[in-house]
Amino acid sequence: MRISRLRCNRRIGIWALAIGMALSLGACADSGSEQNRTGQASDADWRDRLTRQDRETQYESAQEMDLSGVQDAVVEILEDGDYLLTGDYEGKIVIDVCEDEIVHLYLNNVNIVSSDGPAMDVRSAAKVILTVMEDTENVFSDSAYYEDSAQAKACIYAVCDLTINGSGSLYVYGYYKDGIRSKDCIKILDSQLYVQTKGDCIRGNDGILIYGAALELEGEGCGLRTTDTGKDDRGIVASDEAWLKVTAGESAIYSAADVYLIGSEYYFSTVQEEIRAGGETHIE
């Protein structure tokens, strides 16, 4: 199944999302094998840098896609825009639009099961937004088999920025490696998210930013992981007014840069250290 109104020519898009934080925070508390810590609320600049699209949860003219009747093994989205997804589907969603375009998917009781490769594979876009609609339960799962293991190694995989918002529930099962993975930045706003995986639960190479969400993560790797560092606070892990429960075979948080836990309640149970940061760890 191919969703394409007009296929554009490839062109280079320049997208730079500011995720800087200007914070003056207290020092990190002592860590243990399992702890419950609650910080005090504090302002964080990155909240004010969220784009209009990151916050958007309402749709007016989204293209409706009932996946229940789709027989194809792959649904291709080749045009930017808003899409309302419903139904049960055995296969994968592939998003391949121009590098300066945004795709917004509204999840309305979707159950996607892929038998080969990611359940969602974003191959080209500027940003993909998943809105988990209110009072819905949505499931993405892959399998332990990937025909081409050199490519996307996560149940939800994106080469671009990935935002998850909305007040519904999203369940992600990564039976091959990671649960949710982006080569850029991942933002999770307000949603209820459960991830169970063989690898890292959530990996955003350039950063992971969480606000007002409830996350329960179980993985044999790390709960939250970033890998890159650089300007604009690239590589930070920031949690603001969120609830986190992480059970990890490695670290709960593995950050290439700084870690910020602001006004967040969290429960970490890990085999290795709870928080491993290439920069500083700030808890308030």
# chains A, B, ... in the order shown; residues from 1 in each chain; ligands from 1
$ residues_around --residues "segment 242-245 of chain A" --least-positions-apart "3" --cutoff "12 Å" --atoms "only C-alpha atoms" --output "VMD selection string"
chain A and resid 34 to 41 188 to 196 201 209 to 219 223 to 224 238 to 239 248 252 to 253 260 to 270 274
$ closest_residue --among "A:Asp200, A:Asp135, A:Asp66, A:Glu147" --to "Asn111 of chain A" --atoms "only C-alpha atoms"
A:Asp66
$ select_by_dssp --residues "segment 72-167 of chain A" --states "strand (DSSP E)" --output "MDAnalysis selection string"
chainID A and resid 74:77 81:90 92:96 102:113 120:124 127:132 137:141 154:158 161:165
$ residues_around --residues "segment 130-134 of chain A" --least-positions-apart "4" --cutoff "6 Å" --atoms "only C-alpha atoms" --output "list in words"
Thr57, Leu105, Tyr106, Leu107, Asn108, Ile164, Asn165, Gly166, Ser167 and Gly168 of chain A
$ write_last_selection --atoms "N, CA and C atoms" --output "compact mmCIF listing (two decimals), in the first residue's frame"
# COMPACT_ATOMS: atom_id res chain seq x y z
N THR A 57 -1.78 18.30 19.03
CA THR A 57 -2.45 17.02 19.27
C THR A 57 -3.83 16.95 18.63
N LEU A 105 1.44 11.49 12.50
CA LEU A 105 0.55 10.34 12.59
C LEU A 105 -0.25 10.42 13.88
N TYR A 106 -1.59 10.30 13.77
CA TYR A 106 -2.48 10.26 14.92
C TYR A 106 -2.87 8.80 15.14
N LEU A 107 -2.53 8.26 16.31
CA LEU A 107 -2.74 6.86 16.61
C LEU A 107 -4.04 6.67 17.37
N ASN A 108 -4.97 5.95 16.75
CA ASN A 108 -6.30 5.75 17.31
C ASN A 108 -6.57 4.25 17.44
N ILE A 164 6.79 12.23 20.38
CA ILE A 164 5.62 11.47 20.80
C ILE A 164 4.84 12.34 21.77
N ASN A 165 3.57 12.61 21.45
CA ASN A 165 2.75 13.43 22.34
C ASN A 165 1.36 12.83 22.46
N GLY A 166 0.47 13.51 23.17
CA GLY A 166 -0.89 13.02 23.37
C GLY A 166 -1.03 12.29 24.69
N SER A 167 -2.27 12.15 25.15
CA SER A 167 -2.52 11.63 26.50
C SER A 167 -2.89 10.15 26.52
N GLY A 168 -2.88 9.48 25.37
CA GLY A 168 -3.20 8.06 25.33
C GLY A 168 -2.02 7.20 25.74
$ residues_around --residues "Val70 of chain A" --least-positions-apart "4" --cutoff "10 Å" --atoms "only C-alpha atoms" --output "list in words"
Met1, Met65, Asp66, Val74, Val75, Gly87, Asp88, Tyr89, Glu90 and Gly91 of chain A
$ atom_distance --atom1 "atom CA of Ser182 of chain A" --atom2 "atom CA of Ala144 of chain A"
19.6 Å
$ atom_distance --atom1 "atom CA of Lys177 of chain A" --atom2 "atom CA of Ile112 of chain A"
17.1 Å
$ atom_distance --atom1 "atom CA of Ser141 of chain A" --atom2 "atom CA of Leu67 of chain A"
15.1 Å
$ closest_residue --among "A:Ser114, A:Arg203, A:Leu84, A:Ala73" --to "Ser61 of chain A" --atoms "only C-alpha atoms"
A:Leu84
$ closest_residue --among "A:Gln272, A:Ser115, A:Thr51, A:Gln58" --to "Phe140 of chain A" --atoms "only C-alpha atoms"
A:Ser115
$ closest_residue --among "A:Asp178, A:Asp228, A:Asp233, A:Glu273" --to "Glu250 of chain A" --atoms "only C-alpha atoms"
A:Glu273
